[in-house]
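Heads up: the structure comes next, in structure tokens.
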Amino acid sequence: MATTASPVRLRAPRESAQAADRTSRPGVVWGVPAIVFFSVFALLPMLLVLYLSFTSWKGLGFPQFNGLDNWRRLAGDSQTWRSVRLTLVFTLVSWVVQTVLAMLLGVWAAGNQRNRAVLSAVFFLPLILSSTAIAITWSVLLDPNFGLAGWLGPKLGFEGGNVIGTPHGALVMVIVVGSWQFIPFHSLLYQGAARAVPQTLYDAAMIDGANRAQQFFRITLPLLRTTFVTSSVIMIVGTLTSFETILILTKGGPGTATRTLPYQMYAEGFQSYNMGYGSAIALVLVVVATALSLVMVRLSGFSRMRSSFEGL
Amino acid sequence: MHPRSSVSRRRFLGGTLAGAGALAGLAACGSPGPGAAGGDAQLWTLANPALDPVLTKAVDAFNTKAKTKIKLVSVPANVTMNDKVRTAMGTPNKPDIFFNWGGGSIRDYAQSDRLVDMTSALSGDPTWKSSFVASVLAAGEIDGKNYAIPMKGMQPVILFYNKTMFAEEGLQPPKTWQDLLSLVDTFKAKGVTPLVLGGADSWTELMYLEYLVDRLGGPTVFQAIADAKPDAWKDPVILQSVTMIRQLVDRGAFGPNYSSVGYGNGSASALFSQGKGAMHLMGTWEFTSQVSTAPDFAKNDLGFANFPGVDGAKGDPASVVGNPTNYFSVTTSDHSSSCVDFLKTQMTSDAYVDALIKAGDIPAITGLESRLSAAPDPTFATAIYEMVAKAPSFTLSWDQALPTDKGQDVVTNLQQVFNKQMEPEAFVSALAAS
């Protein structure tokens, strides 16, 4: 029973852990607004849609429970499966185009060229424009009689400037508009990551006699791996659910050539007023998007990745 | 056990419970309260710069004497009226009177008892009932009952043509299908698009199918489809009509780029008014639209004619298709009787009808022949009025007459036929199967 009166009072391990918690990590209470917002605007609608997919509802009165009818219809609906295939093709092509261009642009913008700052600012203009405004402007440009398409189209082999009226032309243009709109955002991500690559690596490579292409492929690219995964997940999920561009530019047309899954969901739910069936399609979209994201994260070994700066 | 994790787990559970509690609270708040009793009745109309002042005057005239006032809400033209009404129908903010096209646009509401049945109000007031053109009033019926009162002009679909261009070549508007085909060849040889088509808006293509089916088989063919009779789509008239349409497409009648041209954004009308197209099959609203956007063209070059007949076919070449008119329907609410009074007193009043005529509309009212001289273009107004009066039948546009999902199926598949992505037989089997 010796009372110690030493100047430094030793605190019990439990108390010191608590004290460390109080100073270093904010409590979960700070996250409640975000949790509430996410629950109300994302989780609750998803649960309601899950419920609606087992009912039939025309937007009036109350939904009538109808068991698995919507799901059986979904299994046999050739248009919905065509939309799934189209969405996957659209997403894959968009992803390849956007990733390649954003990476090149971002790495270039991370350098120190003379007019880099001005040109980078100009490239980011599409980012601050509204999606709808972009789609409307492009649809005017693509008018075969009064827009740019009428003048440029025939030169590129489109008879009468009919770019957006052909099935393939319409899909290509939707990809082009989406790329124009989002490449700046992703090049911003790559620019940030490329700027973080230590200059010492490039200096060492130069001493070893590497040229610029070799430096890009051997140094920059591997160190952009984590950014690549982040950017790809955002890109793929965003493209899978992209809707307003198609709505304004082609209305899912011509015919059903650009009727992706989100548009098919809109057409069934809000044009034909089969809300229950539209909800089932929406759930398919949620499942596909979640599955793709999980696959991407797993395949890229995201969770196993070590820091890019090990050893530096 | 790590002491740190037990503290944070408790806090995490606390945070989630707080979130769940807030969730439940908000969900409970969302349940609909009692309907908006008292206050003004709301009248929703589709914004139309020519029509809105006329309606405002009628509403003001009614409000001076009425106990329950009516408030006019003008819905902008780029908002889909049908969607807005449908979303509002289940809420306390639903309109008391609303603008519609009859047919499929009100069928769901009528069949779920959300609309006031005005059949007895009409039969109880024979003067009111006989003021309307009978075929137009009948086109607004659902299951034989009157849920809709005409409030605007009659809008049949007619063949507009550039009469100056025709006169230069010494040509006449087509009276038969063969005439139309030879006109197509003539204009194509001159490098002018024979028929302007806003193919990006699929409903513009529907008008060709509507007329051909009517010319070949009469109005009963579509009546069977509208009544959802089995195998209605397998009628040989349908296949024949779609095949004839495909022949027009293959002949290059619509030019090379119609599938990118829109009607809603004014491109098709601009093509026509700039002399790049010879003919344009469109509703009579095209006339008023050209008068405001291209007045010189409308005055000097715009001609119109009936859609040609088909030699040896069953249908009457005098029949018309299109929008018989737009209607007002009354929803069941505390204000219903005032709203029906408004329709009774204002829709056929001389002031309202004369104002409509002056704005360029051709109201669906009987006995208007002499009063049409007040129209901006009396020749046009009188010709259309007589066309509808003489027409043995006036078929409502299919995308408005059919239930919404059927209507969408028809236009989507028809657009693929026009774009050569689908053969006529495939069109018929797709629609027969759905």
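Letters A, B, ... go to the chains of the structure tokens in the order shown; residues in each chain start at 1; ligands are counted from 1 in the same order.
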
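Of the residues in region 232-418 of chain B, those given strand (DSSP E or B) by DSSP on the backbone are Gly277, Ala278, Met279, His280, Leu281, Met282, Gly283, Leu302, Gly303, Phe304, Ala305, Gly309, Val320, Val321, Gly322, Asn323, Tyr327, Phe328, Ser329, Val330, Thr331, Pro363, Ile365, Phe394, Thr395 and Leu396 of chain B.
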
Would you save the residues of that selection, restricted to C-alpha atoms, as an mmCIF file, in the first residue's frame?
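The result, written out as selection_3.cif:
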```cif
data_model
loop_
_atom_site.group_PDB
_atom_site.id
_atom_site.type_symbol
_atom_site.label_atom_id
_atom_site.label_comp_id
_atom_site.auth_asym_id
_atom_site.auth_seq_id
_atom_site.Cartn_x
_atom_site.Cartn_y
_atom_site.Cartn_z
ATOM 1 C CA GLY B 277 -39.632 20.185 -98.256
ATOM 2 C CA ALA B 278 -42.695 20.036 -100.473
ATOM 3 C CA MET B 279 -45.331 18.524 -98.182
ATOM 4 C CA HIS B 280 -45.849 18.047 -94.441
ATOM 5 C CA LEU B 281 -48.457 15.787 -92.865
ATOM 6 C CA MET B 282 -49.275 17.418 -89.550
ATOM 7 C CA GLY B 283 -52.103 18.549 -87.277
ATOM 8 C CA LEU B 302 -48.828 27.484 -97.194
ATOM 9 C CA GLY B 303 -51.534 25.324 -98.714
ATOM 10 C CA PHE B 304 -53.434 22.377 -97.280
ATOM 11 C CA ALA B 305 -55.483 19.433 -98.466
ATOM 12 C CA GLY B 309 -57.658 8.361 -100.621
ATOM 13 C CA VAL B 320 -60.149 12.451 -90.614
ATOM 14 C CA VAL B 321 -57.782 11.460 -87.840
ATOM 15 C CA GLY B 322 -56.080 13.637 -85.290
ATOM 16 C CA ASN B 323 -56.971 15.327 -82.047
ATOM 17 C CA TYR B 327 -60.750 18.597 -73.116
ATOM 18 C CA PHE B 328 -61.265 19.663 -69.555
ATOM 19 C CA SER B 329 -62.041 16.988 -66.999
ATOM 20 C CA VAL B 330 -63.153 17.548 -63.428
ATOM 21 C CA THR B 331 -61.696 15.532 -60.556
ATOM 22 C CA PRO B 363 -63.794 25.478 -81.789
ATOM 23 C CA ILE B 365 -69.092 24.207 -81.463
ATOM 24 C CA PHE B 394 -62.906 11.457 -86.544
ATOM 25 C CA THR B 395 -60.440 8.964 -85.083
ATOM 26 C CA LEU B 396 -58.432 10.063 -82.052
#
```

Can you build me a table of chain A residues sitting at most 8 Å from chain B, with the closest atom pair per residue and its distance in Å to one decimal, using only C-alpha atoms, sorted by chain and residue number, as a tab-separated table?
```
residue	atom	partner	partner_atom	distance
A:Arg14	CA	B:Pro3	CA	6.4
A:Ala17	CA	B:Arg4	CA	6.3
A:Gln18	CA	B:Arg4	CA	7.0
A:Asp21	CA	B:Arg4	CA	7.7
A:Gly27	CA	B:Arg11	CA	7.2
A:Val28	CA	B:Phe12	CA	5.8
A:Val29	CA	B:Gly15	CA	5.8
A:Gly31	CA	B:Gly15	CA	7.7
A:Val32	CA	B:Gly15	CA	6.0
A:Pro33	CA	B:Gly19	CA	8.0
A:Ile35	CA	B:Gly19	CA	6.2
A:Val36	CA	B:Gly19	CA	5.0
A:Ser39	CA	B:Leu23	CA	7.0
A:Val40	CA	B:Leu23	CA	6.2
A:Gly59	CA	B:Arg86	CA	6.9
A:Leu60	CA	B:Gly90	CA	5.9
A:Gly61	CA	B:Gly90	CA	6.5
A:Asp143	CA	B:Val261	CA	6.5
A:Pro144	CA	B:Ser260	CA	6.6
A:Asn145	CA	B:Leu271	CA	7.7
A:Phe146	CA	B:Ser267	CA	7.8
A:Glu159	CA	B:Pro256	CA	6.6
A:Gly160	CA	B:Pro256	CA	5.5
A:Gly161	CA	B:Asn257	CA	6.8
A:Asn162	CA	B:Asn257	CA	4.7
A:Val163	CA	B:Ser260	CA	7.4
A:Ile164	CA	B:Ser260	CA	5.7
A:Gly165	CA	B:Ser260	CA	4.5
A:Thr166	CA	B:Ser259	CA	7.5
A:Thr250	CA	B:Ala200	CA	7.5
A:Gly253	CA	B:Ala200	CA	7.6
A:Pro254	CA	B:Ser259	CA	6.9
A:Gly255	CA	B:Gln416	CA	4.8
A:Thr256	CA	B:Thr412	CA	7.3
A:Glu268	CA	B:Asp405	CA	7.7
A:Phe270	CA	B:Asp83	CA	7.6
A:Gln271	CA	B:Thr404	CA	6.7
A:Ser272	CA	B:Asp405	CA	3.9
A:Tyr273	CA	B:Asp405	CA	7.0
A:Asn274	CA	B:Asp405	CA	7.8
```

| message | Using DSSP secondary structure from the backbone, list all helix (DSSP H, G or I) positions within region 177-385 of chain B, as a ChimeraX atom specification. | response | /B:177-189,203-217,220-226,232-234,236-250,258-260,267-273,285-293,295-300,336-346,350-358,369-374,378-385

| task | May I have the residues within 12 Å of Ala138 (chain B) as a PyMOL selection string, using only C-alpha atoms and disregarding those fewer than 4 positions away in the same chain? | result | chain B and resi 102-103+119+122+129-130+132-134+142-150+324-325+327+364+393-396

Just write the chosen residues, C-alpha atoms, as an mmCIF file, in the first residue's frame.
```cif
data_model
loop_
_atom_site.group_PDB
_atom_site.id
_atom_site.type_symbol
_atom_site.label_atom_id
_atom_site.label_comp_id
_atom_site.auth_asym_id
_atom_site.auth_seq_id
_atom_site.Cartn_x
_atom_site.Cartn_y
_atom_site.Cartn_z
ATOM 1 C CA GLY B 102 -59.330 12.286 -73.869
ATOM 2 C CA GLY B 103 -58.850 8.570 -74.464
ATOM 3 C CA THR B 119 -73.240 12.522 -68.605
ATOM 4 C CA LEU B 122 -75.088 17.121 -70.198
ATOM 5 C CA LYS B 129 -75.033 19.417 -75.005
ATOM 6 C CA SER B 130 -76.113 20.347 -78.506
ATOM 7 C CA PHE B 132 -70.798 20.796 -79.095
ATOM 8 C CA VAL B 133 -70.021 18.970 -82.329
ATOM 9 C CA ALA B 134 -71.352 15.498 -81.563
ATOM 10 C CA ILE B 142 -64.820 6.612 -71.642
ATOM 11 C CA ASP B 143 -66.964 3.454 -71.549
ATOM 12 C CA GLY B 144 -69.878 5.460 -72.958
ATOM 13 C CA LYS B 145 -69.855 8.137 -70.232
ATOM 14 C CA ASN B 146 -68.857 11.776 -70.637
ATOM 15 C CA TYR B 147 -65.820 12.591 -68.552
ATOM 16 C CA ALA B 148 -64.447 15.325 -70.780
ATOM 17 C CA ILE B 149 -65.764 18.635 -72.143
ATOM 18 C CA PRO B 150 -64.238 20.199 -75.299
ATOM 19 C CA PRO B 324 -60.702 16.023 -82.074
ATOM 20 C CA THR B 325 -59.944 18.686 -79.495
ATOM 21 C CA TYR B 327 -60.750 18.597 -73.116
ATOM 22 C CA ALA B 364 -65.826 22.276 -81.690
ATOM 23 C CA SER B 393 -65.583 9.676 -88.578
ATOM 24 C CA PHE B 394 -62.906 11.457 -86.544
ATOM 25 C CA THR B 395 -60.440 8.964 -85.083
ATOM 26 C CA LEU B 396 -58.432 10.063 -82.052
#
```

| query | Skipping near chain neighbours, those fewer than 5 positions away, what residues fall within 6 Å of region 168-182 of chain A using only C-alpha atoms, listed as a ChimeraX atom specification? | reply | /A:94,98,126,163,258

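The nearest approach to Thr227 (chain A) among the residues A:Leu48, A:Leu152, A:Leu240, A:Ala194, with only C-alpha atoms taken into account, belongs to A:Ala194.
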
| request: Point out the residue among A:Gln214, A:Thr200, A:Gln79, A:Thr220 with the least atom-to-atom distance to Val107 (chain A), counting only C-alpha atoms. | output: A:Thr220

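Note that CA of Pro167 (chain A) and CA of Val288 (chain A) are 24.5 Å apart.
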
| note | Nearest to Thr243 (chain B), restricted to only C-alpha atoms and choosing among B:Phe222, B:Trp128, B:Phe427, B:Phe272, comes out as B:Phe427

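Counting only C-alpha atoms and comparing B:Glu205, B:Glu169, B:Glu141, B:Asp334, the residue that lies closest to Gly104 (chain B) is B:Glu141.
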
| request: Give me, please, the distance in Å between CA of Thr260 (chain A) and CA of Leu86 (chain A), quoted to one decimal. | output: 6.0 Å

| field | Shell of 10 Å around Tyr208 (chain B), only C-alpha atoms, local chain residues under 6 positions omitted, as a PyMOL selection string | value | chain B and resi 157+214+241-242+244-245+281-282+307+321

Neighbour list for Met265 (chain A) as a PDB file with N, CA and C atoms, in the first residue's frame, cut-off 9 Å, only C-alpha atoms, skip fewer than 5 positions in-chain:
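Okay, selection_18.pdb is ready:
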```pdb
ATOM      1  N   THR A  80     -35.678  -6.043 -72.489  1.00  0.00           N
ATOM      2  CA  THR A  80     -34.874  -5.758 -71.301  1.00  0.00           C
ATOM      3  C   THR A  80     -33.503  -6.403 -71.419  1.00  0.00           C
ATOM      4  N   THR A 260     -30.744   2.051 -73.151  1.00  0.00           N
ATOM      5  CA  THR A 260     -29.998   1.370 -72.097  1.00  0.00           C
ATOM      6  C   THR A 260     -30.947   1.017 -70.959  1.00  0.00           C
ATOM      7  N   PHE A 270     -42.369   5.209 -66.332  1.00  0.00           N
ATOM      8  CA  PHE A 270     -42.940   6.546 -66.428  1.00  0.00           C
ATOM      9  C   PHE A 270     -43.572   6.868 -67.758  1.00  0.00           C
ATOM     10  N   MET A 275     -45.249   0.654 -62.953  1.00  0.00           N
ATOM     11  CA  MET A 275     -44.267   1.009 -61.921  1.00  0.00           C
ATOM     12  C   MET A 275     -43.632  -0.218 -61.293  1.00  0.00           C
ATOM     13  N   TYR A 277     -43.066  -3.172 -62.676  1.00  0.00           N
ATOM     14  CA  TYR A 277     -42.089  -3.757 -63.587  1.00  0.00           C
ATOM     15  C   TYR A 277     -40.849  -2.871 -63.679  1.00  0.00           C
ATOM     16  N   GLY A 278     -41.075  -1.553 -63.700  1.00  0.00           N
ATOM     17  CA  GLY A 278     -39.946  -0.629 -63.729  1.00  0.00           C
ATOM     18  C   GLY A 278     -39.059  -0.809 -62.504  1.00  0.00           C
ATOM     19  N   SER A 279     -39.703  -1.069 -61.343  1.00  0.00           N
ATOM     20  CA  SER A 279     -38.924  -1.281 -60.121  1.00  0.00           C
ATOM     21  C   SER A 279     -38.077  -2.534 -60.229  1.00  0.00           C
ATOM     22  N   ALA A 280     -38.623  -3.585 -60.844  1.00  0.00           N
ATOM     23  CA  ALA A 280     -37.843  -4.810 -61.005  1.00  0.00           C
ATOM     24  C   ALA A 280     -36.611  -4.534 -61.860  1.00  0.00           C
ATOM     25  N   ILE A 281     -36.798  -3.757 -62.938  1.00  0.00           N
ATOM     26  CA  ILE A 281     -35.658  -3.408 -63.794  1.00  0.00           C
ATOM     27  C   ILE A 281     -34.636  -2.597 -62.999  1.00  0.00           C
ATOM     28  N   ALA A 282     -35.145  -1.683 -62.158  1.00  0.00           N
ATOM     29  CA  ALA A 282     -34.231  -0.859 -61.349  1.00  0.00           C
ATOM     30  C   ALA A 282     -33.376  -1.733 -60.450  1.00  0.00           C
TER      31      ALA A 282
END
```

| task | Using only C-alpha atoms, determine which residues lie at most 12 Å from Gln199 (chain A), disregarding the query and same-chain residues fewer than 6 positions distant; provide the list as an MDAnalysis selection string. | result | chainID A and resid 110:111 205:206 215 219:220 312

Export, as an mmCIF file, in the first residue's frame, the selected residues with C-alpha atoms.
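And here's result-v4.cif as it stands now:
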```cif
data_model
loop_
_atom_site.group_PDB
_atom_site.id
_atom_site.type_symbol
_atom_site.label_atom_id
_atom_site.label_comp_id
_atom_site.auth_asym_id
_atom_site.auth_seq_id
_atom_site.Cartn_x
_atom_site.Cartn_y
_atom_site.Cartn_z
ATOM 1 C CA ALA A 110 0.761 17.257 -64.222
ATOM 2 C CA GLY A 111 3.854 18.390 -66.035
ATOM 3 C CA ALA A 205 15.357 6.809 -64.571
ATOM 4 C CA MET A 206 16.900 9.568 -66.646
ATOM 5 C CA GLN A 215 9.299 6.601 -67.954
ATOM 6 C CA ILE A 219 7.164 4.646 -63.475
ATOM 7 C CA THR A 220 3.983 6.721 -63.866
ATOM 8 C CA LEU A 312 11.050 5.983 -51.043
#
```
